[in-house]
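Here is the structure we will look at, set down as structure tokens.
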Amino acid sequence: QILGAHPATVGGQDGVVVRALQPDAIKAELVLDGTAVEMRREHGALFSLFVPGASAPLDYRLRLHFYDGATWERDDPYRFLPTI
């Protein structure tokens, strides 16, 4: 219920909030339509970003940055809607 993309209203504006849990990442970015936007670290390993004007389902990827300098870009398994 927490992770992935969910409809949200922030400051009276509708959109989608995306949350990702990445314990080893020092930074996370949401990649949407080829543009990367840094996500905010909420609590420990939880990152989030509000995308105003967006609606679910949202086609995005996560770009993760690690202490050793490695960067990974991958699909977020929580972005896919249930199939059943």
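By order of appearance in the structure tokens: chains A, B, ..., then residues from 1 within every chain, and ligands from 1 in the order shown.
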Gly34 of chain A environment, 12 Å, only C-alpha atoms, sequence neighbours closer than 2 positions dropped, as a ChimeraX atom specification: /A:29-32,36-37,59-63,73
Please write the residues from the selection above to a file, keeping all heavy atoms, as a tab-separated table (two decimals), in the first residue's frame.
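And here's part35.tsv as it stands now:
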```
chain	number	residue	atom	x	y	z
A	29	GLU	N	16.42	8.49	-8.05
A	29	GLU	CA	15.78	9.40	-9.00
A	29	GLU	C	14.65	8.67	-9.69
A	29	GLU	O	14.74	7.47	-9.96
A	29	GLU	CB	16.78	9.86	-10.06
A	29	GLU	CG	17.93	10.68	-9.50
A	29	GLU	CD	18.99	10.97	-10.54
A	29	GLU	OE1	19.54	10.01	-11.10
A	29	GLU	OE2	19.24	12.16	-10.78
A	30	LEU	N	13.61	9.40	-9.99
A	30	LEU	CA	12.50	8.89	-10.78
A	30	LEU	C	12.76	9.29	-12.23
A	30	LEU	O	12.97	10.47	-12.51
A	30	LEU	CB	11.18	9.50	-10.30
A	30	LEU	CG	9.94	8.97	-10.99
A	30	LEU	CD1	9.56	7.63	-10.38
A	30	LEU	CD2	8.80	9.95	-10.84
A	31	VAL	N	12.77	8.32	-13.13
A	31	VAL	CA	12.99	8.59	-14.55
A	31	VAL	C	11.64	8.46	-15.24
A	31	VAL	O	11.04	7.38	-15.29
A	31	VAL	CB	14.02	7.62	-15.16
A	31	VAL	CG1	14.23	7.95	-16.63
A	31	VAL	CG2	15.33	7.68	-14.39
A	32	LEU	N	11.15	9.58	-15.75
A	32	LEU	CA	9.83	9.67	-16.36
A	32	LEU	C	9.97	10.38	-17.70
A	32	LEU	O	10.46	11.52	-17.74
A	32	LEU	CB	8.87	10.43	-15.44
A	32	LEU	CG	7.42	10.54	-15.82
A	32	LEU	CD1	6.78	9.17	-15.89
A	32	LEU	CD2	6.68	11.40	-14.80
A	36	ALA	N	15.14	12.58	-15.47
A	36	ALA	CA	15.35	12.09	-14.10
A	36	ALA	C	15.14	13.23	-13.11
A	36	ALA	O	15.67	14.33	-13.30
A	36	ALA	CB	16.75	11.52	-13.96
A	37	VAL	N	14.36	12.94	-12.07
A	37	VAL	CA	14.11	13.92	-11.01
A	37	VAL	C	14.47	13.26	-9.69
A	37	VAL	O	14.03	12.14	-9.41
A	37	VAL	CB	12.63	14.37	-11.00
A	37	VAL	CG1	12.37	15.36	-9.88
A	37	VAL	CG2	12.23	14.96	-12.34
A	59	ASP	N	4.20	5.17	-16.05
A	59	ASP	CA	5.29	4.41	-16.67
A	59	ASP	C	6.61	5.10	-16.31
A	59	ASP	O	6.99	6.09	-16.91
A	59	ASP	CB	5.09	4.35	-18.18
A	59	ASP	CG	6.11	3.48	-18.88
A	59	ASP	OD1	6.81	2.70	-18.19
A	59	ASP	OD2	6.22	3.56	-20.11
A	60	TYR	N	7.31	4.56	-15.31
A	60	TYR	CA	8.56	5.17	-14.84
A	60	TYR	C	9.59	4.10	-14.53
A	60	TYR	O	9.29	2.91	-14.48
A	60	TYR	CB	8.29	6.00	-13.58
A	60	TYR	CG	7.87	5.18	-12.38
A	60	TYR	CD1	8.83	4.70	-11.47
A	60	TYR	CD2	6.54	4.88	-12.14
A	60	TYR	CE1	8.44	3.94	-10.38
A	60	TYR	CE2	6.16	4.13	-11.05
A	60	TYR	CZ	7.12	3.66	-10.17
A	60	TYR	OH	6.73	2.90	-9.09
A	61	ARG	N	10.82	4.56	-14.32
A	61	ARG	CA	11.92	3.69	-13.87
A	61	ARG	C	12.59	4.37	-12.69
A	61	ARG	O	12.40	5.58	-12.46
A	61	ARG	CB	12.94	3.48	-14.99
A	61	ARG	CG	12.37	2.66	-16.15
A	61	ARG	CD	13.36	2.50	-17.29
A	61	ARG	NE	14.60	1.84	-16.95
A	61	ARG	CZ	14.81	0.51	-16.98
A	61	ARG	NH1	13.83	-0.29	-17.32
A	61	ARG	NH2	15.98	0.01	-16.66
A	62	LEU	N	13.37	3.62	-11.94
A	62	LEU	CA	14.14	4.16	-10.83
A	62	LEU	C	15.62	4.15	-11.19
A	62	LEU	O	16.12	3.18	-11.75
A	62	LEU	CB	13.94	3.32	-9.58
A	62	LEU	CG	12.52	3.28	-9.01
A	62	LEU	CD1	12.44	2.28	-7.87
A	62	LEU	CD2	12.08	4.66	-8.54
A	63	ARG	N	16.30	5.25	-10.90
A	63	ARG	CA	17.76	5.31	-11.05
A	63	ARG	C	18.32	5.43	-9.64
A	63	ARG	O	18.04	6.39	-8.93
A	63	ARG	CB	18.16	6.50	-11.90
A	63	ARG	CG	19.66	6.53	-12.17
A	63	ARG	CD	20.04	7.66	-13.11
A	63	ARG	NE	19.42	7.46	-14.42
A	63	ARG	CZ	19.14	8.46	-15.26
A	63	ARG	NH1	19.40	9.70	-14.94
A	63	ARG	NH2	18.58	8.20	-16.43
A	73	GLU	N	19.83	1.61	-13.11
A	73	GLU	CA	18.50	2.05	-13.53
A	73	GLU	C	17.68	0.80	-13.79
A	73	GLU	O	18.12	-0.10	-14.50
A	73	GLU	CB	18.56	2.92	-14.78
A	73	GLU	CG	17.21	3.51	-15.12
A	73	GLU	CD	17.27	4.53	-16.24
A	73	GLU	OE1	18.19	5.37	-16.23
A	73	GLU	OE2	16.38	4.49	-17.10
```
Spatial neighbours of Phe50 of chain A, 10 Å, only C-alpha atoms, chain gap at least 4 places, as a list in words: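 In the requested form, the answer reads Ala5, His6, Pro7, Ala8, Thr9, Val10, Asp14, Gly15, Val16, Val17, Val18, Arg19, Met39, Arg40 and Ala54 of chain A.
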Filtered DSSP result for chain A, state strand (DSSP E or B), as a PyMOL selection string: chain A and resi 4-10+13-21+25-32+35-38+40-43+46-52+61-66+71-75
Taking N, CA and C atoms for each residue, export the selection above as a compact mmCIF listing (two decimals), in the first residue's frame.
```txt
# COMPACT_ATOMS: atom_id res chain seq x y z
N GLY A 4 5.44 2.13 -4.68
CA GLY A 4 4.92 2.28 -6.04
C GLY A 4 4.24 3.62 -6.22
N ALA A 5 3.44 3.72 -7.28
CA ALA A 5 2.75 4.97 -7.63
C ALA A 5 1.30 4.92 -7.16
N HIS A 6 0.88 5.99 -6.46
CA HIS A 6 -0.48 6.07 -5.94
C HIS A 6 -1.03 7.47 -6.16
N PRO A 7 -2.33 7.57 -6.49
CA PRO A 7 -2.95 8.89 -6.61
C PRO A 7 -2.81 9.65 -5.29
N ALA A 8 -2.58 10.95 -5.38
CA ALA A 8 -2.41 11.77 -4.18
C ALA A 8 -2.78 13.22 -4.49
N THR A 9 -3.08 13.94 -3.44
CA THR A 9 -3.33 15.38 -3.54
C THR A 9 -2.39 16.07 -2.56
N VAL A 10 -1.58 16.99 -3.08
CA VAL A 10 -0.62 17.73 -2.26
C VAL A 10 -0.84 19.21 -2.52
N GLN A 13 -3.31 20.14 -5.17
CA GLN A 13 -3.04 19.73 -6.55
C GLN A 13 -3.04 18.20 -6.63
N ASP A 14 -3.79 17.67 -7.61
CA ASP A 14 -3.85 16.23 -7.82
C ASP A 14 -2.64 15.75 -8.60
N GLY A 15 -2.25 14.52 -8.32
CA GLY A 15 -1.12 13.91 -9.02
C GLY A 15 -0.89 12.50 -8.52
N VAL A 16 0.35 12.09 -8.59
CA VAL A 16 0.74 10.74 -8.17
C VAL A 16 1.96 10.87 -7.28
N VAL A 17 1.97 10.13 -6.18
CA VAL A 17 3.17 10.04 -5.36
C VAL A 17 3.80 8.67 -5.62
N VAL A 18 5.11 8.67 -5.82
CA VAL A 18 5.85 7.43 -6.05
C VAL A 18 6.77 7.23 -4.85
N ARG A 19 6.71 6.02 -4.28
CA ARG A 19 7.57 5.69 -3.14
C ARG A 19 8.37 4.44 -3.47
N ALA A 20 9.64 4.43 -3.05
CA ALA A 20 10.51 3.29 -3.29
C ALA A 20 11.35 3.04 -2.04
N LEU A 21 11.52 1.78 -1.69
CA LEU A 21 12.36 1.38 -0.56
C LEU A 21 13.65 0.79 -1.12
N ALA A 25 20.81 2.39 -1.23
CA ALA A 25 20.98 3.57 -2.08
C ALA A 25 21.24 4.82 -1.24
N ILE A 26 22.10 5.68 -1.77
CA ILE A 26 22.32 6.98 -1.11
C ILE A 26 21.49 8.07 -1.78
N LYS A 27 21.01 7.77 -3.00
CA LYS A 27 20.20 8.72 -3.76
C LYS A 27 19.33 7.93 -4.72
N ALA A 28 18.11 8.40 -4.94
CA ALA A 28 17.20 7.76 -5.90
C ALA A 28 16.59 8.84 -6.78
N GLU A 29 16.42 8.49 -8.05
CA GLU A 29 15.78 9.40 -9.00
C GLU A 29 14.65 8.67 -9.69
N LEU A 30 13.61 9.40 -9.99
CA LEU A 30 12.50 8.89 -10.78
C LEU A 30 12.76 9.29 -12.23
N VAL A 31 12.77 8.32 -13.13
CA VAL A 31 12.99 8.59 -14.55
C VAL A 31 11.64 8.46 -15.24
N LEU A 32 11.15 9.58 -15.75
CA LEU A 32 9.83 9.67 -16.36
C LEU A 32 9.97 10.38 -17.70
N THR A 35 13.39 11.92 -18.43
CA THR A 35 13.89 12.95 -17.52
C THR A 35 14.00 12.38 -16.12
N ALA A 36 15.14 12.58 -15.47
CA ALA A 36 15.35 12.09 -14.10
C ALA A 36 15.14 13.23 -13.11
N VAL A 37 14.36 12.94 -12.07
CA VAL A 37 14.11 13.92 -11.01
C VAL A 37 14.47 13.26 -9.69
N GLU A 38 15.26 13.94 -8.87
CA GLU A 38 15.68 13.37 -7.60
C GLU A 38 14.49 13.19 -6.65
N ARG A 40 12.96 12.47 -2.81
CA ARG A 40 13.28 12.92 -1.46
C ARG A 40 13.41 11.72 -0.53
N ARG A 41 14.46 11.70 0.28
CA ARG A 41 14.61 10.64 1.28
C ARG A 41 13.65 10.95 2.43
N GLU A 42 12.75 10.01 2.70
CA GLU A 42 11.75 10.22 3.75
C GLU A 42 12.26 9.72 5.10
N HIS A 43 12.38 8.42 5.24
CA HIS A 43 12.79 7.80 6.50
C HIS A 43 13.76 6.68 6.17
N LEU A 46 13.56 4.94 2.61
CA LEU A 46 12.34 5.24 1.86
C LEU A 46 12.50 6.56 1.11
N PHE A 47 12.31 6.50 -0.21
CA PHE A 47 12.39 7.67 -1.06
C PHE A 47 11.00 7.96 -1.64
N SER A 48 10.68 9.24 -1.89
CA SER A 48 9.38 9.56 -2.48
C SER A 48 9.48 10.81 -3.35
N LEU A 49 8.49 10.90 -4.25
CA LEU A 49 8.39 12.07 -5.12
C LEU A 49 6.93 12.24 -5.52
N PHE A 50 6.43 13.47 -5.43
CA PHE A 50 5.09 13.79 -5.90
C PHE A 50 5.21 14.32 -7.32
N VAL A 51 4.40 13.74 -8.23
CA VAL A 51 4.40 14.16 -9.63
C VAL A 51 3.05 14.84 -9.90
N PRO A 52 3.01 16.18 -9.87
CA PRO A 52 1.74 16.88 -10.05
C PRO A 52 1.18 16.67 -11.46
N ARG A 61 10.82 4.56 -14.32
CA ARG A 61 11.92 3.69 -13.87
C ARG A 61 12.59 4.37 -12.69
N LEU A 62 13.37 3.62 -11.94
CA LEU A 62 14.14 4.16 -10.83
C LEU A 62 15.62 4.15 -11.19
N ARG A 63 16.30 5.25 -10.90
CA ARG A 63 17.76 5.31 -11.05
C ARG A 63 18.32 5.43 -9.64
N LEU A 64 19.13 4.46 -9.26
CA LEU A 64 19.65 4.38 -7.90
C LEU A 64 21.15 4.62 -7.89
N HIS A 65 21.61 5.36 -6.90
CA HIS A 65 23.03 5.69 -6.74
C HIS A 65 23.51 5.09 -5.42
N PHE A 66 24.72 4.49 -5.43
CA PHE A 66 25.23 3.77 -4.28
C PHE A 66 26.55 4.35 -3.80
N THR A 71 25.75 3.15 -10.28
CA THR A 71 24.41 3.65 -10.58
C THR A 71 23.66 2.57 -11.33
N TRP A 72 22.47 2.25 -10.87
CA TRP A 72 21.61 1.27 -11.53
C TRP A 72 20.32 1.94 -11.93
N GLU A 73 19.83 1.61 -13.11
CA GLU A 73 18.50 2.05 -13.53
C GLU A 73 17.68 0.80 -13.79
N ARG A 74 16.49 0.75 -13.21
CA ARG A 74 15.67 -0.46 -13.35
C ARG A 74 14.19 -0.12 -13.22
N ASP A 75 13.38 -1.07 -13.68
CA ASP A 75 11.94 -0.95 -13.48
C ASP A 75 11.64 -1.14 -12.01
```
Atom CA of Ser55 of chain A to atom CA of Gly12 of chain A, straight-line distance in Å: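 Distance reported for this atom pair: 15.1 Å.
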Atom CA of Asp24 of chain A to atom CA of Phe80 of chain A, straight-line distance in Å: 22.7 Å
Given only C-alpha atoms as the counted atoms, nearest of A:Pro77, A:Gly44, A:Gly69, A:Gly53 to Pro23 of chain A: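 Of A:Pro77, A:Gly44, A:Gly69, A:Gly53, the one nearest Pro23 of chain A, counting only C-alpha atoms, is A:Gly44.
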